[in-house]
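Pasting structure00.pdb here (PDB, C-alpha atoms, pLDDT in the B column):
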```
ATOM      1  CA  MET A  30     -44.134   3.390 -14.654  1.00 43.00           C
ATOM      2  CA  GLY A  31     -41.677   6.022 -15.956  1.00 48.00           C
ATOM      3  CA  ASN A  32     -38.177   6.760 -14.724  1.00 46.00           C
ATOM      4  CA  THR A  33     -39.230  10.173 -13.409  1.00 53.00           C
ATOM      5  CA  SER A  34     -40.736   8.691 -10.253  1.00 64.00           C
ATOM      6  CA  PHE A  35     -37.435   7.021  -9.289  1.00 70.00           C
ATOM      7  CA  ARG A  36     -34.786   9.550 -10.376  1.00 72.00           C
ATOM      8  CA  SER A  37     -33.961  10.705  -6.854  1.00 79.00           C
ATOM      9  CA  LEU A  38     -34.052   7.211  -5.309  1.00 88.00           C
ATOM     10  CA  TYR A  39     -31.251   6.853  -2.754  1.00 91.00           C
ATOM     11  CA  SER A  40     -31.367   3.119  -2.043  1.00 94.00           C
ATOM     12  CA  LEU A  41     -32.800   0.119  -3.859  1.00 94.00           C
ATOM     13  CA  ALA A  42     -32.905  -3.266  -2.135  1.00 95.00           C
ATOM     14  CA  MET A  43     -34.300  -6.163  -4.116  1.00 95.00           C
ATOM     15  CA  HIS A  44     -32.559  -9.029  -2.376  1.00 95.00           C
ATOM     16  CA  SER A  45     -34.183 -12.470  -2.276  1.00 96.00           C
ATOM     17  CA  CYS A  46     -36.882 -11.483  -4.779  1.00 96.00           C
ATOM     18  CA  ASN A  47     -36.384 -14.526  -7.032  1.00 96.00           C
ATOM     19  CA  ILE A  48     -35.746 -12.295 -10.068  1.00 95.00           C
ATOM     20  CA  SER A  49     -33.753 -13.498 -13.072  1.00 95.00           C
ATOM     21  CA  LYS A  50     -32.729 -10.204 -14.688  1.00 94.00           C
ATOM     22  CA  PHE A  51     -32.057  -6.616 -13.749  1.00 93.00           C
ATOM     23  CA  PRO A  52     -35.063  -4.301 -14.186  1.00 89.00           C
ATOM     24  CA  LYS A  53     -34.937  -1.851 -17.085  1.00 86.00           C
ATOM     25  CA  PHE A  54     -35.704   1.139 -14.864  1.00 84.00           C
ATOM     26  CA  LEU A  55     -32.161   0.948 -13.396  1.00 85.00           C
ATOM     27  CA  LYS A  56     -30.886   2.908 -16.387  1.00 82.00           C
ATOM     28  CA  GLY A  57     -32.106   6.291 -15.123  1.00 79.00           C
ATOM     29  CA  LEU A  58     -31.234   5.878 -11.440  1.00 84.00           C
ATOM     30  CA  ASN A  59     -28.063   7.954 -11.296  1.00 82.00           C
ATOM     31  CA  ALA A  60     -28.649   9.199  -7.725  1.00 88.00           C
ATOM     32  CA  LEU A  61     -28.473   5.716  -6.155  1.00 93.00           C
ATOM     33  CA  LYS A  62     -26.012   5.228  -3.328  1.00 96.00           C
ATOM     34  CA  ILE A  63     -26.991   1.692  -2.331  1.00 97.00           C
ATOM     35  CA  LEU A  64     -27.944  -1.063  -4.768  1.00 96.00           C
ATOM     36  CA  ASP A  65     -28.704  -4.557  -3.467  1.00 97.00           C
ATOM     37  CA  PHE A  66     -29.724  -7.386  -5.787  1.00 97.00           C
ATOM     38  CA  SER A  67     -28.250 -10.163  -3.644  1.00 98.00           C
ATOM     39  CA  ASP A  68     -29.638 -13.678  -3.457  1.00 98.00           C
ATOM     40  CA  ASN A  69     -31.549 -13.766  -6.719  1.00 98.00           C
ATOM     41  CA  LYS A  70     -31.219 -15.796  -9.928  1.00 97.00           C
ATOM     42  CA  ILE A  71     -29.731 -13.139 -12.192  1.00 97.00           C
ATOM     43  CA  GLU A  72     -27.582 -14.526 -15.012  1.00 95.00           C
ATOM     44  CA  GLY A  73     -25.149 -12.949 -17.441  1.00 93.00           C
ATOM     45  CA  SER A  74     -23.397  -9.701 -16.697  1.00 90.00           C
ATOM     46  CA  LEU A  75     -24.074  -6.479 -14.855  1.00 90.00           C
ATOM     47  CA  PRO A  76     -25.872  -3.778 -16.845  1.00 87.00           C
ATOM     48  CA  SER A  77     -23.390  -1.212 -18.144  1.00 81.00           C
ATOM     49  CA  GLY A  78     -25.522   1.582 -16.673  1.00 85.00           C
ATOM     50  CA  ILE A  79     -24.355   0.647 -13.176  1.00 90.00           C
ATOM     51  CA  CYS A  80     -20.968   2.120 -14.050  1.00 86.00           C
ATOM     52  CA  ASN A  81     -22.660   5.468 -14.739  1.00 87.00           C
ATOM     53  CA  MET A  82     -23.991   5.700 -11.180  1.00 89.00           C
ATOM     54  CA  SER A  83     -21.458   8.217  -9.952  1.00 87.00           C
ATOM     55  CA  TYR A  84     -22.849   8.323  -6.372  1.00 92.00           C
ATOM     56  CA  LEU A  85     -22.980   4.554  -5.864  1.00 94.00           C
ATOM     57  CA  GLN A  86     -21.336   3.595  -2.572  1.00 95.00           C
ATOM     58  CA  VAL A  87     -22.577   0.032  -1.989  1.00 97.00           C
ATOM     59  CA  LEU A  88     -23.150  -2.589  -4.671  1.00 96.00           C
ATOM     60  CA  ASP A  89     -24.242  -6.028  -3.532  1.00 98.00           C
ATOM     61  CA  VAL A  90     -25.018  -8.543  -6.272  1.00 98.00           C
ATOM     62  CA  SER A  91     -23.847 -11.555  -4.290  1.00 98.00           C
ATOM     63  CA  ASP A  92     -25.330 -15.021  -4.678  1.00 98.00           C
ATOM     64  CA  ASN A  93     -26.569 -14.769  -8.254  1.00 98.00           C
ATOM     65  CA  ASN A  94     -25.324 -16.388 -11.473  1.00 97.00           C
ATOM     66  CA  LEU A  95     -23.313 -13.480 -12.886  1.00 96.00           C
ATOM     67  CA  SER A  96     -20.407 -14.630 -15.025  1.00 95.00           C
ATOM     68  CA  GLY A  97     -17.510 -13.677 -17.264  1.00 88.00           C
ATOM     69  CA  LEU A  98     -15.193 -10.784 -16.552  1.00 88.00           C
ATOM     70  CA  ILE A  99     -15.856  -8.522 -13.574  1.00 89.00           C
ATOM     71  CA  PRO A 100     -16.479  -5.173 -15.281  1.00 86.00           C
ATOM     72  CA  GLU A 101     -13.368  -2.991 -14.997  1.00 83.00           C
ATOM     73  CA  CYS A 102     -15.559   0.109 -14.803  1.00 84.00           C
ATOM     74  CA  LEU A 103     -16.779  -1.065 -11.360  1.00 84.00           C
ATOM     75  CA  VAL A 104     -13.361  -0.738  -9.787  1.00 78.00           C
ATOM     76  CA  LYS A 105     -13.055   2.728 -11.298  1.00 78.00           C
ATOM     77  CA  LEU A 106     -16.154   4.107  -9.567  1.00 84.00           C
ATOM     78  CA  ALA A 107     -14.541   6.561  -7.156  1.00 84.00           C
ATOM     79  CA  SER A 108     -17.604   6.653  -4.879  1.00 90.00           C
ATOM     80  CA  LEU A 109     -17.793   2.867  -4.379  1.00 92.00           C
ATOM     81  CA  SER A 110     -16.822   1.723  -0.881  1.00 94.00           C
ATOM     82  CA  VAL A 111     -18.402  -1.767  -0.762  1.00 96.00           C
ATOM     83  CA  LEU A 112     -18.367  -4.213  -3.679  1.00 95.00           C
ATOM     84  CA  ASN A 113     -19.879  -7.622  -2.958  1.00 97.00           C
ATOM     85  CA  LEU A 114     -19.743 -10.099  -5.844  1.00 97.00           C
ATOM     86  CA  LYS A 115     -19.612 -13.223  -3.657  1.00 98.00           C
ATOM     87  CA  GLY A 116     -21.160 -16.471  -4.869  1.00 98.00           C
ATOM     88  CA  ASN A 117     -21.370 -15.827  -8.602  1.00 97.00           C
ATOM     89  CA  ARG A 118     -19.596 -17.434 -11.557  1.00 97.00           C
ATOM     90  CA  TYR A 119     -17.049 -14.759 -12.412  1.00 95.00           C
ATOM     91  CA  ASP A 120     -13.874 -16.241 -13.861  1.00 92.00           C
ATOM     92  CA  GLN A 121     -11.697 -13.162 -14.332  1.00 88.00           C
ATOM     93  CA  MET A 122     -10.833 -10.122 -12.248  1.00 87.00           C
ATOM     94  CA  PRO A 123     -10.158  -6.699 -13.714  1.00 84.00           C
ATOM     95  CA  SER A 124      -6.461  -6.242 -14.401  1.00 81.00           C
ATOM     96  CA  THR A 125      -6.406  -2.653 -13.166  1.00 81.00           C
ATOM     97  CA  PHE A 126      -7.465  -1.343  -9.772  1.00 74.00           C
ATOM     98  CA  THR A 127      -6.297   2.242 -10.152  1.00 63.00           C
ATOM     99  CA  PHE A 128      -8.071   5.504  -9.696  1.00 55.00           C
ATOM    100  CA  ALA A 129      -7.207   8.686  -7.837  1.00 53.00           C
ATOM    101  CA  ASP A 130     -10.050   8.933  -5.316  1.00 66.00           C
ATOM    102  CA  ASN A 131     -10.346   5.229  -4.523  1.00 77.00           C
ATOM    103  CA  ASN A 132     -12.749   4.754  -1.588  1.00 87.00           C
ATOM    104  CA  LEU A 133     -13.067   0.964  -1.846  1.00 91.00           C
ATOM    105  CA  GLN A 134     -13.127  -0.409   1.707  1.00 94.00           C
ATOM    106  CA  SER A 135     -14.584  -3.880   1.192  1.00 95.00           C
ATOM    107  CA  LEU A 136     -14.136  -6.219  -1.770  1.00 94.00           C
ATOM    108  CA  ASN A 137     -15.763  -9.644  -1.553  1.00 97.00           C
ATOM    109  CA  ILE A 138     -15.300 -11.973  -4.513  1.00 96.00           C
ATOM    110  CA  ASN A 139     -15.474 -15.201  -2.493  1.00 98.00           C
ATOM    111  CA  GLY A 140     -16.952 -18.283  -4.135  1.00 97.00           C
ATOM    112  CA  ASN A 141     -16.520 -17.468  -7.810  1.00 96.00           C
ATOM    113  CA  ARG A 142     -14.367 -19.177 -10.437  1.00 95.00           C
ATOM    114  CA  LEU A 143     -11.486 -16.721 -10.529  1.00 93.00           C
ATOM    115  CA  LYS A 144      -8.300 -18.101 -12.076  1.00 91.00           C
ATOM    116  CA  GLY A 145      -4.741 -16.928 -12.479  1.00 88.00           C
ATOM    117  CA  LYS A 146      -2.844 -14.397 -10.445  1.00 89.00           C
ATOM    118  CA  LEU A 147      -4.064 -11.541  -8.296  1.00 89.00           C
ATOM    119  CA  PRO A 148      -3.709  -8.162  -9.985  1.00 88.00           C
ATOM    120  CA  ARG A 149      -0.916  -6.282  -8.216  1.00 88.00           C
ATOM    121  CA  SER A 150      -2.880  -3.094  -8.778  1.00 85.00           C
ATOM    122  CA  LEU A 151      -5.032  -4.124  -5.785  1.00 88.00           C
ATOM    123  CA  ALA A 152      -2.241  -2.472  -3.783  1.00 87.00           C
ATOM    124  CA  ASN A 153      -3.590   0.867  -5.078  1.00 86.00           C
ATOM    125  CA  CYS A 154      -6.760   0.442  -2.994  1.00 88.00           C
ATOM    126  CA  LYS A 155      -5.310   2.220   0.053  1.00 89.00           C
ATOM    127  CA  MET A 156      -8.670   2.385   1.893  1.00 92.00           C
ATOM    128  CA  LEU A 157      -9.287  -1.372   1.585  1.00 93.00           C
ATOM    129  CA  GLU A 158     -10.100  -2.933   4.966  1.00 96.00           C
ATOM    130  CA  ILE A 159     -11.661  -6.240   3.876  1.00 97.00           C
ATOM    131  CA  LEU A 160     -10.439  -8.364   0.970  1.00 95.00           C
ATOM    132  CA  ASP A 161     -12.159 -11.731   0.562  1.00 97.00           C
ATOM    133  CA  LEU A 162     -10.902 -13.804  -2.362  1.00 94.00           C
ATOM    134  CA  GLY A 163     -11.519 -17.242  -0.816  1.00 95.00           C
ATOM    135  CA  ASN A 164     -13.019 -20.257  -2.570  1.00 97.00           C
ATOM    136  CA  ASN A 165     -11.717 -19.455  -6.045  1.00 95.00           C
ATOM    137  CA  MET A 166      -9.140 -21.090  -8.311  1.00 93.00           C
ATOM    138  CA  ILE A 167      -6.459 -18.421  -7.964  1.00 91.00           C
ATOM    139  CA  SER A 168      -2.925 -19.749  -8.490  1.00 89.00           C
ATOM    140  CA  ASP A 169      -0.339 -17.334  -7.199  1.00 88.00           C
ATOM    141  CA  THR A 170       2.333 -16.970  -4.551  1.00 87.00           C
ATOM    142  CA  PHE A 171       1.402 -15.328  -1.281  1.00 88.00           C
ATOM    143  CA  PRO A 172       0.693 -11.653  -2.071  1.00 87.00           C
ATOM    144  CA  PHE A 173       3.273  -9.962   0.160  1.00 90.00           C
ATOM    145  CA  TRP A 174       2.699  -6.771  -1.849  1.00 89.00           C
ATOM    146  CA  LEU A 175      -0.621  -6.410   0.035  1.00 90.00           C
ATOM    147  CA  GLU A 176       1.437  -5.079   2.941  1.00 90.00           C
ATOM    148  CA  LYS A 177       1.186  -1.739   1.123  1.00 88.00           C
ATOM    149  CA  LEU A 178      -2.464  -1.542   2.200  1.00 91.00           C
ATOM    150  CA  PRO A 179      -2.347   0.436   5.444  1.00 93.00           C
ATOM    151  CA  SER A 180      -6.023  -0.140   6.372  1.00 93.00           C
ATOM    152  CA  LEU A 181      -6.292  -3.873   5.588  1.00 96.00           C
ATOM    153  CA  LYS A 182      -7.795  -5.700   8.556  1.00 96.00           C
ATOM    154  CA  VAL A 183      -9.307  -8.861   7.006  1.00 96.00           C
ATOM    155  CA  LEU A 184      -7.673 -10.950   4.270  1.00 94.00           C
ATOM    156  CA  ILE A 185      -9.281 -14.196   3.137  1.00 94.00           C
ATOM    157  CA  LEU A 186      -7.423 -16.166   0.487  1.00 90.00           C
TER     158      LEU A 186
END
```
Please lay out the structure from this file as structure tokens.
Amino acid sequence: MGNTSFRSLYSLAMHSCNISKFPKFLKGLNALKILDFSDNKIEGSLPSGICNMSYLQVLDVSDNNLSGLIPECLVKLASLSVLNLKGNRYDQMPSTFTFADNNLQSLNINGNRLKGKLPRSLANCKMLEILDLGNNMISDTFPFWLEKLPSLKVLIL
């Protein structure tokens, strides 16, 4: 099956499919707006091609076995409004959450292995309504600087 049949695909939901790796055909799917690979057994890291999906609005890869550093390119996708990385094994957040047309409204990184301090650049996500950082190993003082987020409605630490 060639990439040509999927090039204009708008949404791809492969949640709870018991898969252990991302399919190779993802590479040519630049028109995707919604990508859901939640509740699978995927290990390692996200494919770098996801960061080339300039229309991607929703990325849900929750409840897998992804690990390492959360790719910084994800938080630089201007189109992304929902990023759900809950229930993986990530141990480090990107240090920089800055981009001009930031549309991120929901960031869920609950239940990972995140350590250290929260990046203060999260305050640049002015559209952020939901921030869930619970069930991690973050060691920091209370992030009063989050008061700069005018749309924040839910904060889970």
List every residue of region 100-142 of chain A that has an atom at most 12 Å from any atom of region 169-182 of chain A, and for each one report the closest atom pair and its distance in Å to one decimal, counting only C-alpha atoms, with rows sorted by chain and then by increasing residue number, as JSON lines.
```
{"residue": "A:Asn132", "atom": "CA", "partner": "A:Ser180", "partner_atom": "CA", "distance": 11.5}
{"residue": "A:Leu133", "atom": "CA", "partner": "A:Ser180", "partner_atom": "CA", "distance": 10.9}
{"residue": "A:Gln134", "atom": "CA", "partner": "A:Ser180", "partner_atom": "CA", "distance": 8.5}
{"residue": "A:Ser135", "atom": "CA", "partner": "A:Leu181", "partner_atom": "CA", "distance": 9.4}
{"residue": "A:Leu136", "atom": "CA", "partner": "A:Leu181", "partner_atom": "CA", "distance": 11.0}
```
Point-to-point distance from CA of Asn59 (chain A) to CA of Val111 (chain A), Å rounded to tenths: 17.3 Å
Residue members of the PyMOL selection byres ((chain A and resi 86) around 10) in the file shown, as a ChimeraX atom specification: /A:61-64,82-85,87-88,106-112,132-133
Surrounding residues of region 52-58 of chain A excluding itself and chain neighbours under 6 positions, 7 Å, all atoms listed in the file, as a PyMOL selection string: chain A and resi 32+35-36+38+78
Separation of CA of Met166 (chain A) from CA of Arg142 (chain A), in Å and rounded to one decimal: 6.0 Å
Of the listed residues A:Leu147, A:Leu114, A:Met43, A:Leu184, that which approaches Leu95 (chain A) most closely, counting only C-alpha atoms: A:Leu114
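In this model, the gap between CA of Met122 (chain A) and CA of Ser74 (chain A) comes to 13.3 Å.
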Residue contacts of Glu101 (chain A) (7 Å, all atoms listed in the file) excluding same-chain residues fewer than 3 positions away, as a PyMOL selection string: chain A and resi 104-105+123
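For the residues A:Ser67, A:Ser49, A:Ser96, A:Ser168, ranking by smallest atom-to-atom distance to Asp120 (chain A) using all atoms listed in the file places A:Ser96 first.
Among the candidates A:Ile79, A:Ile71, A:Ile138, A:Val90, the one nearest to Ile48 (chain A) when counting all atoms listed in the file is A:Ile71.
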Completion step: region 99-110 of chain A with all heavy atoms as an mmCIF file, in the coordinates of the input:
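And here is the file that came out, rebuild-v4.cif:
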```cif
data_model
loop_
_atom_site.group_PDB
_atom_site.id
_atom_site.type_symbol
_atom_site.label_atom_id
_atom_site.label_comp_id
_atom_site.auth_asym_id
_atom_site.auth_seq_id
_atom_site.Cartn_x
_atom_site.Cartn_y
_atom_site.Cartn_z
ATOM 1 N N ILE A 99 -15.339 -9.573 -14.452
ATOM 2 C CA ILE A 99 -15.856 -8.522 -13.574
ATOM 3 C C ILE A 99 -15.613 -7.200 -14.284
ATOM 4 O O ILE A 99 -14.469 -6.912 -14.661
ATOM 5 C CB ILE A 99 -15.161 -8.548 -12.203
ATOM 6 C CG1 ILE A 99 -15.482 -9.873 -11.486
ATOM 7 C CG2 ILE A 99 -15.573 -7.350 -11.364
ATOM 8 C CD1 ILE A 99 -14.662 -10.114 -10.241
ATOM 9 N N PRO A 100 -16.661 -6.409 -14.503
ATOM 10 C CA PRO A 100 -16.479 -5.173 -15.281
ATOM 11 C C PRO A 100 -15.432 -4.247 -14.666
ATOM 12 O O PRO A 100 -15.506 -3.900 -13.488
ATOM 13 C CB PRO A 100 -17.863 -4.522 -15.239
ATOM 14 C CG PRO A 100 -18.807 -5.611 -14.891
ATOM 15 C CD PRO A 100 -18.031 -6.581 -14.061
ATOM 16 N N GLU A 101 -14.442 -3.863 -15.471
ATOM 17 C CA GLU A 101 -13.368 -2.991 -14.997
ATOM 18 C C GLU A 101 -13.904 -1.632 -14.560
ATOM 19 O O GLU A 101 -13.364 -0.992 -13.671
ATOM 20 C CB GLU A 101 -12.297 -2.834 -16.077
ATOM 21 C CG GLU A 101 -11.010 -2.306 -15.518
ATOM 22 C CD GLU A 101 -9.816 -2.683 -16.355
ATOM 23 O OE1 GLU A 101 -9.737 -3.807 -16.853
ATOM 24 O OE2 GLU A 101 -8.940 -1.813 -16.474
ATOM 25 N N CYS A 102 -14.997 -1.193 -15.168
ATOM 26 C CA CYS A 102 -15.559 0.109 -14.803
ATOM 27 C C CYS A 102 -16.025 0.137 -13.346
ATOM 28 O O CYS A 102 -16.056 1.196 -12.719
ATOM 29 C CB CYS A 102 -16.702 0.484 -15.746
ATOM 30 S SG CYS A 102 -18.124 -0.628 -15.670
ATOM 31 N N LEU A 103 -16.350 -1.024 -12.762
ATOM 32 C CA LEU A 103 -16.779 -1.065 -11.360
ATOM 33 C C LEU A 103 -15.676 -0.609 -10.426
ATOM 34 O O LEU A 103 -15.911 0.124 -9.476
ATOM 35 C CB LEU A 103 -17.201 -2.480 -10.961
ATOM 36 C CG LEU A 103 -18.581 -2.937 -11.323
ATOM 37 C CD1 LEU A 103 -18.813 -4.347 -10.808
ATOM 38 C CD2 LEU A 103 -19.643 -2.001 -10.807
ATOM 39 N N VAL A 104 -14.464 -1.074 -10.678
ATOM 40 C CA VAL A 104 -13.361 -0.738 -9.787
ATOM 41 C C VAL A 104 -12.810 0.656 -10.072
ATOM 42 O O VAL A 104 -11.859 1.095 -9.436
ATOM 43 C CB VAL A 104 -12.243 -1.802 -9.824
ATOM 44 C CG1 VAL A 104 -12.764 -3.123 -9.302
ATOM 45 C CG2 VAL A 104 -11.663 -1.956 -11.206
ATOM 46 N N LYS A 105 -13.433 1.344 -11.018
ATOM 47 C CA LYS A 105 -13.055 2.728 -11.298
ATOM 48 C C LYS A 105 -14.087 3.720 -10.787
ATOM 49 O O LYS A 105 -13.920 4.921 -10.948
ATOM 50 C CB LYS A 105 -12.833 2.912 -12.799
ATOM 51 C CG LYS A 105 -11.630 2.144 -13.289
ATOM 52 C CD LYS A 105 -11.361 2.368 -14.741
ATOM 53 C CE LYS A 105 -10.131 1.574 -15.147
ATOM 54 N NZ LYS A 105 -9.778 1.752 -16.531
ATOM 55 N N LEU A 106 -15.155 3.216 -10.165
ATOM 56 C CA LEU A 106 -16.154 4.107 -9.567
ATOM 57 C C LEU A 106 -15.571 4.688 -8.288
ATOM 58 O O LEU A 106 -15.415 3.988 -7.290
ATOM 59 C CB LEU A 106 -17.438 3.336 -9.236
ATOM 60 C CG LEU A 106 -18.430 3.118 -10.352
ATOM 61 C CD1 LEU A 106 -19.562 2.204 -9.898
ATOM 62 C CD2 LEU A 106 -18.996 4.440 -10.831
ATOM 63 N N ALA A 107 -15.218 5.937 -8.294
ATOM 64 C CA ALA A 107 -14.541 6.561 -7.156
ATOM 65 C C ALA A 107 -15.399 6.569 -5.898
ATOM 66 O O ALA A 107 -14.880 6.542 -4.789
ATOM 67 C CB ALA A 107 -14.128 7.990 -7.518
ATOM 68 N N SER A 108 -16.716 6.585 -6.039
ATOM 69 C CA SER A 108 -17.604 6.653 -4.879
ATOM 70 C C SER A 108 -17.798 5.302 -4.198
ATOM 71 O O SER A 108 -18.209 5.239 -3.042
ATOM 72 C CB SER A 108 -18.968 7.200 -5.306
ATOM 73 O OG SER A 108 -19.549 6.344 -6.275
ATOM 74 N N LEU A 109 -17.488 4.204 -4.873
ATOM 75 C CA LEU A 109 -17.793 2.867 -4.379
ATOM 76 C C LEU A 109 -16.931 2.502 -3.175
ATOM 77 O O LEU A 109 -15.708 2.550 -3.236
ATOM 78 C CB LEU A 109 -17.577 1.844 -5.508
ATOM 79 C CG LEU A 109 -18.240 0.491 -5.342
ATOM 80 C CD1 LEU A 109 -19.757 0.618 -5.271
ATOM 81 C CD2 LEU A 109 -17.853 -0.413 -6.502
ATOM 82 N N SER A 110 -17.577 2.136 -2.060
ATOM 83 C CA SER A 110 -16.822 1.723 -0.881
ATOM 84 C C SER A 110 -17.014 0.238 -0.569
ATOM 85 O O SER A 110 -16.160 -0.372 0.051
ATOM 86 C CB SER A 110 -17.188 2.576 0.339
ATOM 87 O OG SER A 110 -18.555 2.462 0.632
#
```
